[in-house]
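Colleague: Sharing start.pdb below, PDB, C-alpha atoms and all ligand atoms:
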ATOM      1  CA  MET A   1     -15.126 -21.470  -2.127  1.00  0.00           C
ATOM      2  CA  SER A   2     -12.812 -23.339   0.178  1.00  0.00           C
ATOM      3  CA  SER A   3     -14.041 -23.589   3.748  1.00  0.00           C
ATOM      4  CA  THR A   4     -10.706 -22.252   5.021  1.00  0.00           C
ATOM      5  CA  ASN A   5     -11.859 -18.814   3.898  1.00  0.00           C
ATOM      6  CA  ILE A   6     -14.869 -18.820   6.214  1.00  0.00           C
ATOM      7  CA  ASN A   7     -14.299 -18.019   9.854  1.00  0.00           C
ATOM      8  CA  ILE A   8     -17.266 -18.256  12.216  1.00  0.00           C
ATOM      9  CA  ILE A   9     -16.482 -16.835  15.622  1.00  0.00           C
ATOM     10  CA  ASP A  10     -18.990 -16.573  18.427  1.00  0.00           C
ATOM     11  CA  ASP A  11     -17.414 -13.965  20.643  1.00  0.00           C
ATOM     12  CA  ASN A  12     -17.001 -10.447  19.241  1.00  0.00           C
ATOM     13  CA  GLU A  13     -13.819  -9.879  21.207  1.00  0.00           C
ATOM     14  CA  ILE A  14     -12.239 -13.003  19.733  1.00  0.00           C
ATOM     15  CA  LEU A  15     -13.531 -12.076  16.281  1.00  0.00           C
ATOM     16  CA  SER A  16     -11.861  -8.707  16.594  1.00  0.00           C
ATOM     17  CA  GLU A  17      -8.620 -10.341  17.780  1.00  0.00           C
ATOM     18  CA  LYS A  18      -8.567 -12.874  14.918  1.00  0.00           C
ATOM     19  CA  LEU A  19      -9.330 -10.158  12.402  1.00  0.00           C
ATOM     20  CA  GLY A  20      -6.390  -8.155  13.752  1.00  0.00           C
ATOM     21  CA  PHE A  21      -4.060 -11.153  13.488  1.00  0.00           C
ATOM     22  CA  GLN A  22      -5.190 -11.828   9.939  1.00  0.00           C
ATOM     23  CA  LEU A  23      -4.476  -8.220   9.038  1.00  0.00           C
ATOM     24  CA  GLU A  24      -1.081  -8.374  10.731  1.00  0.00           C
ATOM     25  CA  GLU A  25      -0.183 -11.557   8.866  1.00  0.00           C
ATOM     26  CA  ILE A  26      -1.054 -10.062   5.475  1.00  0.00           C
ATOM     27  CA  VAL A  27       0.738  -6.776   6.217  1.00  0.00           C
ATOM     28  CA  LEU A  28       3.910  -8.616   7.310  1.00  0.00           C
ATOM     29  CA  GLN A  29       3.838 -10.698   4.138  1.00  0.00           C
ATOM     30  CA  LEU A  30       3.359  -7.657   1.901  1.00  0.00           C
ATOM     31  CA  MET A  31       6.053  -5.684   3.722  1.00  0.00           C
ATOM     32  CA  ASN A  32       8.733  -7.865   2.200  1.00  0.00           C
ATOM     33  CA  LYS A  33       7.548  -7.016  -1.268  1.00  0.00           C
ATOM     34  CA  LYS A  34       6.610  -3.341  -1.179  1.00  0.00           C
ATOM     35  CA  GLN A  35       7.169  -0.104   0.676  1.00  0.00           C
ATOM     36  CA  LEU A  36       3.626   1.232   1.136  1.00  0.00           C
ATOM     37  CA  ILE A  37       0.647  -0.927   2.000  1.00  0.00           C
ATOM     38  CA  THR A  38      -2.864   0.299   1.196  1.00  0.00           C
ATOM     39  CA  ILE A  39      -5.747  -0.684   3.481  1.00  0.00           C
ATOM     40  CA  GLY A  40      -9.334   0.227   2.590  1.00  0.00           C
ATOM     41  CA  LEU A  41     -11.776   0.565   5.484  1.00  0.00           C
ATOM     42  CA  SER A  42     -15.574   0.346   5.615  1.00  0.00           C
ATOM     43  CA  GLY A  43     -17.978   1.913   8.077  1.00  0.00           C
ATOM     44  CA  GLY A  44     -20.667   0.334  10.223  1.00  0.00           C
ATOM     45  CA  SER A  45     -19.924  -2.249  12.886  1.00  0.00           C
ATOM     46  CA  LEU A  46     -16.413  -2.854  11.524  1.00  0.00           C
ATOM     47  CA  ILE A  47     -15.198   0.366  13.145  1.00  0.00           C
ATOM     48  CA  ASP A  48     -15.616  -0.909  16.708  1.00  0.00           C
ATOM     49  CA  LEU A  49     -14.242  -4.337  15.827  1.00  0.00           C
ATOM     50  CA  LEU A  50     -11.045  -2.764  14.490  1.00  0.00           C
ATOM     51  CA  ALA A  51     -10.816  -0.126  17.211  1.00  0.00           C
ATOM     52  CA  SER A  52     -10.738  -2.703  19.976  1.00  0.00           C
ATOM     53  CA  ASN A  53      -7.749  -4.610  18.628  1.00  0.00           C
ATOM     54  CA  LEU A  54      -5.643  -2.694  16.106  1.00  0.00           C
ATOM     55  CA  PRO A  55      -3.962  -0.396  18.662  1.00  0.00           C
ATOM     56  CA  ARG A  56      -2.417  -3.518  20.270  1.00  0.00           C
ATOM     57  CA  LEU A  57      -0.728  -4.648  17.067  1.00  0.00           C
ATOM     58  CA  GLN A  58       2.879  -4.029  16.118  1.00  0.00           C
ATOM     59  CA  LEU A  59       2.434  -2.817  12.554  1.00  0.00           C
ATOM     60  CA  PRO A  60       4.764  -0.677  10.440  1.00  0.00           C
ATOM     61  CA  TRP A  61       2.365   2.248  10.857  1.00  0.00           C
ATOM     62  CA  ALA A  62       4.397   4.763   8.826  1.00  0.00           C
ATOM     63  CA  ARG A  63       4.217   2.427   5.820  1.00  0.00           C
ATOM     64  CA  LEU A  64       0.439   2.019   5.934  1.00  0.00           C
ATOM     65  CA  ARG A  65      -1.995   4.087   3.906  1.00  0.00           C
ATOM     66  CA  PHE A  66      -5.533   3.835   5.228  1.00  0.00           C
ATOM     67  CA  PHE A  67      -8.378   4.940   2.996  1.00  0.00           C
ATOM     68  CA  PHE A  68     -12.120   4.367   2.740  1.00  0.00           C
ATOM     69  CA  VAL A  69     -13.771   1.728   0.596  1.00  0.00           C
ATOM     70  CA  ASP A  70     -16.768   4.050   0.702  1.00  0.00           C
ATOM     71  CA  GLU A  71     -17.581   7.302   2.427  1.00  0.00           C
ATOM     72  CA  ARG A  72     -20.659   9.405   3.032  1.00  0.00           C
ATOM     73  CA  PHE A  73     -20.498  12.891   1.456  1.00  0.00           C
ATOM     74  CA  VAL A  74     -21.077  14.764   4.700  1.00  0.00           C
ATOM     75  CA  PRO A  75     -18.951  17.170   6.769  1.00  0.00           C
ATOM     76  CA  PHE A  76     -16.385  15.640   9.130  1.00  0.00           C
ATOM     77  CA  THR A  77     -18.394  17.170  11.965  1.00  0.00           C
ATOM     78  CA  SER A  78     -21.358  14.929  11.089  1.00  0.00           C
ATOM     79  CA  ASP A  79     -22.084  11.751  13.043  1.00  0.00           C
ATOM     80  CA  ASP A  80     -22.512  10.091   9.639  1.00  0.00           C
ATOM     81  CA  SER A  81     -18.888  10.658   8.593  1.00  0.00           C
ATOM     82  CA  THR A  82     -17.031   7.349   8.489  1.00  0.00           C
ATOM     83  CA  TYR A  83     -13.686   9.180   8.623  1.00  0.00           C
ATOM     84  CA  ALA A  84     -14.775  11.048  11.756  1.00  0.00           C
ATOM     85  CA  SER A  85     -15.816   7.801  13.458  1.00  0.00           C
ATOM     86  CA  TYR A  86     -12.460   6.192  12.661  1.00  0.00           C
ATOM     87  CA  GLN A  87     -10.672   9.325  13.822  1.00  0.00           C
ATOM     88  CA  ALA A  88     -12.523   9.326  17.154  1.00  0.00           C
ATOM     89  CA  LYS A  89     -12.420   5.591  17.786  1.00  0.00           C
ATOM     90  CA  LEU A  90      -9.214   4.338  16.177  1.00  0.00           C
ATOM     91  CA  PHE A  91      -6.834   6.676  14.337  1.00  0.00           C
ATOM     92  CA  ARG A  92      -6.136   8.860  17.345  1.00  0.00           C
ATOM     93  CA  LYS A  93      -4.951   5.765  19.226  1.00  0.00           C
ATOM     94  CA  LEU A  94      -2.412   4.904  16.521  1.00  0.00           C
ATOM     95  CA  PRO A  95       0.937   6.546  15.737  1.00  0.00           C
ATOM     96  CA  LEU A  96      -0.312   8.037  12.466  1.00  0.00           C
ATOM     97  CA  THR A  97       0.265  11.346  10.726  1.00  0.00           C
ATOM     98  CA  GLU A  98      -1.835  13.166   8.090  1.00  0.00           C
ATOM     99  CA  LYS A  99      -0.221  11.272   5.250  1.00  0.00           C
ATOM    100  CA  ASN A 100      -1.287   7.885   6.603  1.00  0.00           C
ATOM    101  CA  VAL A 101      -4.981   8.526   5.980  1.00  0.00           C
ATOM    102  CA  ILE A 102      -6.507   9.302   2.593  1.00  0.00           C
ATOM    103  CA  LYS A 103      -9.912  10.870   2.971  1.00  0.00           C
ATOM    104  CA  ILE A 104     -12.520  12.667   0.902  1.00  0.00           C
ATOM    105  CA  ASP A 105     -12.818  16.444   0.636  1.00  0.00           C
ATOM    106  CA  PRO A 106     -16.172  17.094   2.334  1.00  0.00           C
ATOM    107  CA  ASP A 107     -16.110  20.665   0.970  1.00  0.00           C
ATOM    108  CA  ALA A 108     -16.143  19.556  -2.664  1.00  0.00           C
ATOM    109  CA  THR A 109     -18.832  21.356  -4.651  1.00  0.00           C
ATOM    110  CA  SER A 110     -20.720  18.152  -5.489  1.00  0.00           C
ATOM    111  CA  VAL A 111     -20.545  14.445  -4.748  1.00  0.00           C
ATOM    112  CA  GLU A 112     -19.340  13.864  -8.323  1.00  0.00           C
ATOM    113  CA  GLN A 113     -16.471  16.289  -7.810  1.00  0.00           C
ATOM    114  CA  CYS A 114     -15.753  14.697  -4.446  1.00  0.00           C
ATOM    115  CA  ALA A 115     -15.456  11.279  -6.137  1.00  0.00           C
ATOM    116  CA  GLN A 116     -13.066  12.688  -8.762  1.00  0.00           C
ATOM    117  CA  ASP A 117     -10.873  14.349  -6.137  1.00  0.00           C
ATOM    118  CA  TYR A 118     -10.863  11.170  -4.018  1.00  0.00           C
ATOM    119  CA  GLU A 119      -9.958   9.061  -7.040  1.00  0.00           C
ATOM    120  CA  ASN A 120      -7.011  11.372  -7.794  1.00  0.00           C
ATOM    121  CA  LYS A 121      -5.759  11.037  -4.222  1.00  0.00           C
ATOM    122  CA  LEU A 122      -6.070   7.252  -4.344  1.00  0.00           C
ATOM    123  CA  LEU A 123      -4.306   7.023  -7.692  1.00  0.00           C
ATOM    124  CA  GLU A 124      -1.266   8.658  -6.098  1.00  0.00           C
ATOM    125  CA  THR A 125      -0.881   5.587  -3.860  1.00  0.00           C
ATOM    126  CA  LEU A 126      -0.801   3.202  -6.824  1.00  0.00           C
ATOM    127  CA  THR A 127       2.277   2.750  -8.987  1.00  0.00           C
ATOM    128  CA  GLU A 128       3.013   1.659 -12.540  1.00  0.00           C
ATOM    129  CA  ASP A 129       4.057  -1.790 -11.251  1.00  0.00           C
ATOM    130  CA  ASP A 130       1.243  -2.152  -8.786  1.00  0.00           C
ATOM    131  CA  LYS A 131      -2.162  -0.942  -9.833  1.00  0.00           C
ATOM    132  CA  SER A 132      -4.259  -2.695  -7.223  1.00  0.00           C
ATOM    133  CA  PHE A 133      -5.056  -1.956  -3.602  1.00  0.00           C
ATOM    134  CA  ASP A 134      -3.585  -4.360  -1.065  1.00  0.00           C
ATOM    135  CA  ILE A 135      -6.233  -5.068   1.552  1.00  0.00           C
ATOM    136  CA  LEU A 136      -9.918  -4.147   1.639  1.00  0.00           C
ATOM    137  CA  LEU A 137     -11.965  -4.583   4.786  1.00  0.00           C
ATOM    138  CA  LEU A 138     -15.590  -4.794   3.745  1.00  0.00           C
ATOM    139  CA  GLY A 139     -18.888  -4.845   5.564  1.00  0.00           C
ATOM    140  CA  MET A 140     -22.155  -6.294   4.387  1.00  0.00           C
ATOM    141  CA  GLY A 141     -25.623  -4.838   4.891  1.00  0.00           C
ATOM    142  CA  PRO A 142     -28.739  -6.935   5.581  1.00  0.00           C
ATOM    143  CA  ASP A 143     -29.706  -6.292   1.917  1.00  0.00           C
ATOM    144  CA  GLY A 144     -26.399  -7.750   0.685  1.00  0.00           C
ATOM    145  CA  HIS A 145     -24.776  -4.406  -0.108  1.00  0.00           C
ATOM    146  CA  THR A 146     -21.079  -3.903   0.352  1.00  0.00           C
ATOM    147  CA  ALA A 147     -19.175  -0.614   0.226  1.00  0.00           C
ATOM    148  CA  SER A 148     -21.873   1.733  -1.174  1.00  0.00           C
ATOM    149  CA  LEU A 149     -22.790  -0.753  -3.902  1.00  0.00           C
ATOM    150  CA  PHE A 150     -26.447  -1.609  -3.433  1.00  0.00           C
ATOM    151  CA  PRO A 151     -28.541  -4.381  -5.023  1.00  0.00           C
ATOM    152  CA  ASP A 152     -30.049  -3.390  -8.384  1.00  0.00           C
ATOM    153  CA  HIS A 153     -28.513   0.079  -8.175  1.00  0.00           C
ATOM    154  CA  PRO A 154     -26.819   1.483 -11.312  1.00  0.00           C
ATOM    155  CA  GLY A 155     -23.694   2.273  -9.234  1.00  0.00           C
ATOM    156  CA  LEU A 156     -22.998  -1.454  -9.172  1.00  0.00           C
ATOM    157  CA  LYS A 157     -22.498  -1.497 -12.928  1.00  0.00           C
ATOM    158  CA  VAL A 158     -20.090   1.462 -13.163  1.00  0.00           C
ATOM    159  CA  ASP A 159     -16.904   0.171 -14.682  1.00  0.00           C
ATOM    160  CA  GLN A 160     -14.954   3.336 -15.379  1.00  0.00           C
ATOM    161  CA  GLY A 161     -12.466   4.805 -12.972  1.00  0.00           C
ATOM    162  CA  ILE A 162     -11.720   3.424  -9.558  1.00  0.00           C
ATOM    163  CA  VAL A 163     -14.279   5.475  -7.618  1.00  0.00           C
ATOM    164  CA  THR A 164     -17.879   6.357  -8.374  1.00  0.00           C
ATOM    165  CA  SER A 165     -20.528   8.450  -6.639  1.00  0.00           C
ATOM    166  CA  ILE A 166     -24.191   7.887  -5.857  1.00  0.00           C
ATOM    167  CA  LYS A 167     -26.855  10.403  -4.881  1.00  0.00           C
ATOM    168  CA  ASP A 168     -29.704   8.120  -3.875  1.00  0.00           C
ATOM    169  CA  SER A 169     -28.305   5.543  -1.493  1.00  0.00           C
ATOM    170  CA  PRO A 170     -31.128   3.352  -0.126  1.00  0.00           C
ATOM    171  CA  LYS A 171     -29.274   3.518   3.201  1.00  0.00           C
ATOM    172  CA  PRO A 172     -28.979   7.129   4.416  1.00  0.00           C
ATOM    173  CA  PRO A 173     -27.200   9.440   3.980  1.00  0.00           C
ATOM    174  CA  PRO A 174     -28.010   9.475   0.245  1.00  0.00           C
ATOM    175  CA  GLU A 175     -24.811  10.958  -1.204  1.00  0.00           C
ATOM    176  CA  ARG A 176     -21.761   8.700  -1.102  1.00  0.00           C
ATOM    177  CA  VAL A 177     -18.535   7.881  -2.897  1.00  0.00           C
ATOM    178  CA  THR A 178     -17.468   4.272  -3.280  1.00  0.00           C
ATOM    179  CA  LEU A 179     -14.860   2.082  -4.939  1.00  0.00           C
ATOM    180  CA  THR A 180     -16.333   0.396  -7.995  1.00  0.00           C
ATOM    181  CA  LEU A 181     -16.988  -3.341  -7.975  1.00  0.00           C
ATOM    182  CA  THR A 182     -14.139  -3.856 -10.475  1.00  0.00           C
ATOM    183  CA  THR A 183     -11.701  -1.981  -8.232  1.00  0.00           C
ATOM    184  CA  ILE A 184     -12.816  -4.033  -5.243  1.00  0.00           C
ATOM    185  CA  ASN A 185     -12.346  -7.263  -7.150  1.00  0.00           C
ATOM    186  CA  GLN A 186      -8.857  -6.253  -8.248  1.00  0.00           C
ATOM    187  CA  ALA A 187      -7.640  -5.800  -4.675  1.00  0.00           C
ATOM    188  CA  LYS A 188      -5.152  -8.402  -3.471  1.00  0.00           C
ATOM    189  CA  TYR A 189      -6.951  -9.326  -0.243  1.00  0.00           C
ATOM    190  CA  LYS A 190     -10.644  -8.815   0.433  1.00  0.00           C
ATOM    191  CA  ILE A 191     -11.966  -9.480   3.899  1.00  0.00           C
ATOM    192  CA  VAL A 192     -15.654  -9.164   4.766  1.00  0.00           C
ATOM    193  CA  VAL A 193     -16.971  -8.990   8.294  1.00  0.00           C
ATOM    194  CA  ALA A 194     -20.673  -9.686   8.851  1.00  0.00           C
ATOM    195  CA  THR A 195     -22.307  -9.915  12.237  1.00  0.00           C
ATOM    196  CA  GLY A 196     -25.878 -10.438  13.382  1.00  0.00           C
ATOM    197  CA  GLU A 197     -28.845 -12.621  12.530  1.00  0.00           C
ATOM    198  CA  SER A 198     -30.135 -10.115   9.922  1.00  0.00           C
ATOM    199  CA  LYS A 199     -27.259 -11.151   7.622  1.00  0.00           C
ATOM    200  CA  SER A 200     -27.695 -14.926   7.989  1.00  0.00           C
ATOM    201  CA  THR A 201     -30.003 -15.638   5.025  1.00  0.00           C
ATOM    202  CA  ILE A 202     -27.875 -13.744   2.525  1.00  0.00           C
ATOM    203  CA  VAL A 203     -24.699 -15.265   3.979  1.00  0.00           C
ATOM    204  CA  ARG A 204     -26.206 -18.687   3.263  1.00  0.00           C
ATOM    205  CA  GLU A 205     -27.373 -17.713  -0.227  1.00  0.00           C
ATOM    206  CA  VAL A 206     -23.940 -16.380  -1.108  1.00  0.00           C
ATOM    207  CA  LEU A 207     -21.737 -19.000   0.533  1.00  0.00           C
ATOM    208  CA  GLN A 208     -23.859 -22.114   0.164  1.00  0.00           C
ATOM    209  CA  ASP A 209     -25.991 -21.470  -2.901  1.00  0.00           C
ATOM    210  CA  LYS A 210     -23.246 -19.372  -4.599  1.00  0.00           C
ATOM    211  CA  SER A 211     -25.755 -16.624  -5.354  1.00  0.00           C
ATOM    212  CA  THR A 212     -24.417 -13.610  -7.245  1.00  0.00           C
ATOM    213  CA  LYS A 213     -27.685 -11.704  -6.836  1.00  0.00           C
ATOM    214  CA  TYR A 214     -26.264  -9.423  -4.127  1.00  0.00           C
ATOM    215  CA  PRO A 215     -23.276  -7.077  -4.439  1.00  0.00           C
ATOM    216  CA  ILE A 216     -21.373  -9.024  -1.776  1.00  0.00           C
ATOM    217  CA  GLY A 217     -21.884 -12.181  -3.841  1.00  0.00           C
ATOM    218  CA  GLN A 218     -20.139 -10.476  -6.765  1.00  0.00           C
ATOM    219  CA  VAL A 219     -16.893  -9.963  -4.865  1.00  0.00           C
ATOM    220  CA  LYS A 220     -14.464 -12.747  -5.679  1.00  0.00           C
ATOM    221  CA  ASP A 221     -12.069 -14.570  -3.341  1.00  0.00           C
ATOM    222  CA  LEU A 222     -13.453 -13.158  -0.142  1.00  0.00           C
ATOM    223  CA  ILE A 223     -12.153 -14.059   3.277  1.00  0.00           C
ATOM    224  CA  TRP A 224     -15.216 -14.186   5.539  1.00  0.00           C
ATOM    225  CA  TYR A 225     -15.428 -13.338   9.217  1.00  0.00           C
ATOM    226  CA  LEU A 226     -18.867 -14.100  10.662  1.00  0.00           C
ATOM    227  CA  ASP A 227     -20.259 -14.191  14.142  1.00  0.00           C
ATOM    228  CA  LYS A 228     -22.363 -17.180  15.148  1.00  0.00           C
ATOM    229  CA  ALA A 229     -25.649 -15.371  14.331  1.00  0.00           C
ATOM    230  CA  ALA A 230     -24.567 -14.360  10.819  1.00  0.00           C
ATOM    231  CA  GLY A 231     -23.292 -17.880  10.145  1.00  0.00           C
ATOM    232  CA  SER A 232     -26.283 -19.619  11.767  1.00  0.00           C
ATOM    233  CA  LYS A 233     -27.936 -20.724   8.500  1.00  0.00           C
ATOM    234  CA  LEU A 234     -24.836 -22.321   6.973  1.00  0.00           C
TER     235      LEU A 234
HETATM  236  O1  LIG B   1     -21.449   3.545   4.895  1.00  0.00           O
HETATM  237  C1  LIG B   1     -21.832   2.503   5.343  1.00  0.00           C
HETATM  238  O2  LIG B   1     -22.965   2.350   5.778  1.00  0.00           O
HETATM  239  C2  LIG B   1     -20.901   1.335   5.416  1.00  0.00           C
HETATM  240  O3  LIG B   1     -19.678   1.528   4.843  1.00  0.00           O
HETATM  241  C3  LIG B   1     -21.603   0.118   4.923  1.00  0.00           C
HETATM  242  O4  LIG B   1     -21.315  -0.275   3.654  1.00  0.00           O
HETATM  243  C4  LIG B   1     -21.425  -0.959   5.953  1.00  0.00           C
HETATM  244  O5  LIG B   1     -20.192  -1.561   5.805  1.00  0.00           O
HETATM  245  C5  LIG B   1     -22.528  -1.985   5.874  1.00  0.00           C
HETATM  246  O6  LIG B   1     -23.766  -1.335   5.838  1.00  0.00           O
HETATM  247  C6  LIG B   1     -22.505  -2.930   7.039  1.00  0.00           C
HETATM  248  O7  LIG B   1     -22.755  -2.225   8.213  1.00  0.00           O
HETATM  249  P1  LIG B   1     -22.954  -2.989   9.577  1.00  0.00           P
HETATM  250  O8  LIG B   1     -21.730  -3.828   9.771  1.00  0.00           O
HETATM  251  O9  LIG B   1     -23.063  -1.897  10.612  1.00  0.00           O
HETATM  252  O10 LIG B   1     -24.190  -3.807   9.432  1.00  0.00           O
END
What does this structure look like when you write it as structure tokens?
Modeller:
Amino acid sequence: MSSTNINIIDDNEILSEKLGFQLEEIVLQLMNKKQLITIGLSGGSLIDLLASNLPRLQLPWARLRFFFVDERFVPFTSDDSTYASYQAKLFRKLPLTEKNVIKIDPDATSVEQCAQDYENKLLETLTEDDKSFDILLLGMGPDGHTASLFPDHPGLKVDQGIVTSIKDSPKPPPERVTLTLTTINQAKYKIVVATGESKSTIVREVLQDKSTKYPIGQVKDLIWYLDKAAGSKL
């Protein structure tokens, strides 16, 4: 991996600013080529990092379609809902309407049905000429998971469809829907943000030793954003 794809930034405010600029740059580039731009979001610490900077950016909001790289199968009233966190912390500060955000149906009868419904909604944003998502913003857990793809979990191997579901996530809540690894790899731009010392060993194993043992190590052509602690073992 070329070192230009690894950004280590000490201050969280600056990290959030740089991440915003990177997003802006990619969106402006894509705007010349296509009408709608799809942006997949992850939960966890990424939410606050995006919330502090995105509202300041001049983006073609009406042309953006935000969706979730993974989502917990819980009601939108739950503190565990990634959509609800984004709604409370970010979306309400942006000039968005219903059609800008593609979300799961939390009232689906099962997590499998929820995944199918979510896949159908996502497929509507893809076209015959363009079958890949544009930008995915990923997180990484201290166990090397990304999206809801966990190490040694069968969900990691699912290769059919663009979305899959799991019922036994090692990180609660247990029921989740997630893009498959293949879908993630097909996206045009993949950005991962990892902060904190607990990520540093796996960051080193993946970036320095080129380990593919962890889900995050199986995502190709990643653009990395690390804070000093996460990058401390490089
Ligand atoms: O549903 C989730 O839990 C998230 O989508 C998850 O995949 C997250 O991105 C990582 O666990 C990193 O989270 P942190 O950045 O908070 O460590």
Colleague: In Å, rounded to a single decimal, give me how far CA of Ser148 in chain A is from CA of Arg176 in chain A.
Modeller: 7.0 Å
Colleague: Box for range 194-206 of chain A: with edges along x, y and z, all listed atoms inside and 5 Å added on each side, what are the centre and edge lengths in Å to one decimal, as AutoDock Vina command-line options?
Modeller:
--center_x -25.4 --center_y -14.2 --center_z 6.1 --size_x 19.5 --size_y 19.0 --size_z 24.5
Colleague: Excluding range 50-63 of chain A and its own-chain neighbours fewer than 3 positions away, which residues fall within 7 Å of it when counting all atoms listed in the file? Please give them as a ChimeraX atom specification.
Modeller: /A:16-17,20,24,35-37,46-47,89-90,93-96,100
Colleague: From the options A:Thr183, A:Ser198, A:Asn32, A:Ser42, which residue's atoms come nearest to ligand LIG 1 (chain B), counting only C-alpha atoms and all ligand atoms?
Modeller: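 Closest to ligand LIG 1 (chain B) of all the choices is A:Ser42.
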Colleague: Tell me which residues the PyMOL selection byres (((not hetatm)) within 9 of (chain B and resi 1)) grabs here, as number ranges by chain.
Modeller: A: 41-47, 68-72, 80-82, 137-150, 171-173, 176, 178, 192-196, 198-199
Colleague: Mind telling me what the PyMOL selection byres (((chain A and resi 9-14) around 9) and not hetatm) catches here, as a PyMOL selection string?
Modeller: chain A and resi 7-8+15-19+49+52-53+195+225-229+231
Colleague: Mind dumping a table of every range 145-202 of chain A residue within 10 Å of range 105-124 of chain A, with the nearest atom pair and its distance in Å to one decimal, using all atoms listed in the file, sorted by chain and rising number, as a Markdown table?
Modeller:
| residue | atom | partner | partner_atom | distance |
| --- | --- | --- | --- | --- |
| A:Gly161 | CA | A:Glu119 | CA | 7.7 |
| A:Ile162 | CA | A:Glu119 | CA | 6.4 |
| A:Val163 | CA | A:Glu119 | CA | 5.6 |
| A:Thr164 | CA | A:Ala115 | CA | 5.9 |
| A:Ser165 | CA | A:Glu112 | CA | 5.8 |
| A:Ile166 | CA | A:Val111 | CA | 7.6 |
| A:Lys167 | CA | A:Val111 | CA | 7.5 |
| A:Glu175 | CA | A:Val111 | CA | 6.6 |
| A:Arg176 | CA | A:Val111 | CA | 6.9 |
| A:Val177 | CA | A:Ala115 | CA | 5.6 |
| A:Thr178 | CA | A:Ala115 | CA | 7.8 |
| A:Leu179 | CA | A:Glu119 | CA | 8.8 |
Colleague: For a quick check of understanding, using all atoms listed in the file, which of A:Tyr214, A:Trp224, A:Phe91, A:Phe66 has the smallest distance to Gln22 in chain A?
Modeller: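 Of all the options, A:Trp224 lies closest to Gln22 in chain A.
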Colleague: Report, in Å to a single decimal, how far apart CA of Gln186 in chain A and CA of Gln87 in chain A are.
Modeller: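 Atom-to-atom, CA of Gln87 in chain A and CA of Gln186 in chain A are spaced 27.1 Å apart.
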Colleague: As an exercise, work out the distance from CA of Leu207 in chain A to CA of Lys233 in chain A in Å and give it to one decimal place.
Modeller: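 Separation of CA of Leu207 in chain A and CA of Lys233 in chain A: 10.2 Å.
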Colleague: Can you work out which one of A:Ile223, A:Phe73, A:Leu234, A:Ile191 has the shortest atom-to-atom distance to Arg204 in chain A, counting all atoms listed in the file?
Modeller: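 Distance minimum relative to Arg204 in chain A lands on A:Leu234.
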Colleague: Going by the chain IDs and residue numbers used in this file, which residues fall under the PyMOL selection byres (((chain A and resi 38) around 9) and not hetatm)? Write them as a PyMOL selection string.
Modeller: chain A and resi 36-37+39-40+63-67+125-126+133-136
Colleague: Determine the nearest neighbour of Lys190 in chain A from the options A:Asp129, A:Leu23, A:Thr212, A:Ile104, counting only C-alpha atoms.
Modeller: A:Leu23
Colleague: Using only C-alpha atoms, which residue out of A:Ile102, A:Ser232, A:Tyr86, A:Leu222 lies closest to Ser200 in chain A?
Modeller: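 Ranked by minimum distance to Ser200 in chain A, first place goes to A:Ser232.
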Colleague: Could you add the missing atoms to range 23-34 of chain A, up to N, CA and C atoms, and return them as a PDB file, keeping the file's coordinate frame?
Modeller:
ATOM      1  N   LEU A  23      -4.970  -9.448   9.645  1.00  0.00           N
ATOM      2  CA  LEU A  23      -4.476  -8.220   9.038  1.00  0.00           C
ATOM      3  C   LEU A  23      -2.954  -8.122   9.212  1.00  0.00           C
ATOM      4  N   GLU A  24      -2.515  -8.422  10.427  1.00  0.00           N
ATOM      5  CA  GLU A  24      -1.081  -8.374  10.731  1.00  0.00           C
ATOM      6  C   GLU A  24      -0.301  -9.333   9.827  1.00  0.00           C
ATOM      7  N   GLU A  25      -0.855 -10.541   9.682  1.00  0.00           N
ATOM      8  CA  GLU A  25      -0.183 -11.557   8.866  1.00  0.00           C
ATOM      9  C   GLU A  25      -0.031 -11.079   7.415  1.00  0.00           C
ATOM     10  N   ILE A  26      -1.099 -10.523   6.869  1.00  0.00           N
ATOM     11  CA  ILE A  26      -1.054 -10.062   5.475  1.00  0.00           C
ATOM     12  C   ILE A  26      -0.079  -8.885   5.341  1.00  0.00           C
ATOM     13  N   VAL A  27      -0.145  -7.958   6.283  1.00  0.00           N
ATOM     14  CA  VAL A  27       0.738  -6.776   6.217  1.00  0.00           C
ATOM     15  C   VAL A  27       2.205  -7.240   6.281  1.00  0.00           C
ATOM     16  N   LEU A  28       2.519  -8.169   7.179  1.00  0.00           N
ATOM     17  CA  LEU A  28       3.910  -8.616   7.310  1.00  0.00           C
ATOM     18  C   LEU A  28       4.396  -9.300   6.028  1.00  0.00           C
ATOM     19  N   GLN A  29       3.491 -10.039   5.410  1.00  0.00           N
ATOM     20  CA  GLN A  29       3.838 -10.698   4.138  1.00  0.00           C
ATOM     21  C   GLN A  29       4.122  -9.661   3.046  1.00  0.00           C
ATOM     22  N   LEU A  30       3.239  -8.675   2.958  1.00  0.00           N
ATOM     23  CA  LEU A  30       3.359  -7.657   1.901  1.00  0.00           C
ATOM     24  C   LEU A  30       4.579  -6.764   2.113  1.00  0.00           C
ATOM     25  N   MET A  31       4.926  -6.559   3.377  1.00  0.00           N
ATOM     26  CA  MET A  31       6.053  -5.684   3.722  1.00  0.00           C
ATOM     27  C   MET A  31       7.356  -6.067   3.060  1.00  0.00           C
ATOM     28  N   ASN A  32       7.502  -7.386   2.832  1.00  0.00           N
ATOM     29  CA  ASN A  32       8.733  -7.865   2.200  1.00  0.00           C
ATOM     30  C   ASN A  32       8.771  -7.525   0.735  1.00  0.00           C
ATOM     31  N   LYS A  33       7.609  -7.218   0.174  1.00  0.00           N
ATOM     32  CA  LYS A  33       7.548  -7.016  -1.268  1.00  0.00           C
ATOM     33  C   LYS A  33       7.404  -5.561  -1.663  1.00  0.00           C
ATOM     34  N   LYS A  34       6.858  -4.729  -0.784  1.00  0.00           N
ATOM     35  CA  LYS A  34       6.610  -3.341  -1.179  1.00  0.00           C
ATOM     36  C   LYS A  34       6.734  -2.372  -0.017  1.00  0.00           C
TER      37      LYS A  34
END
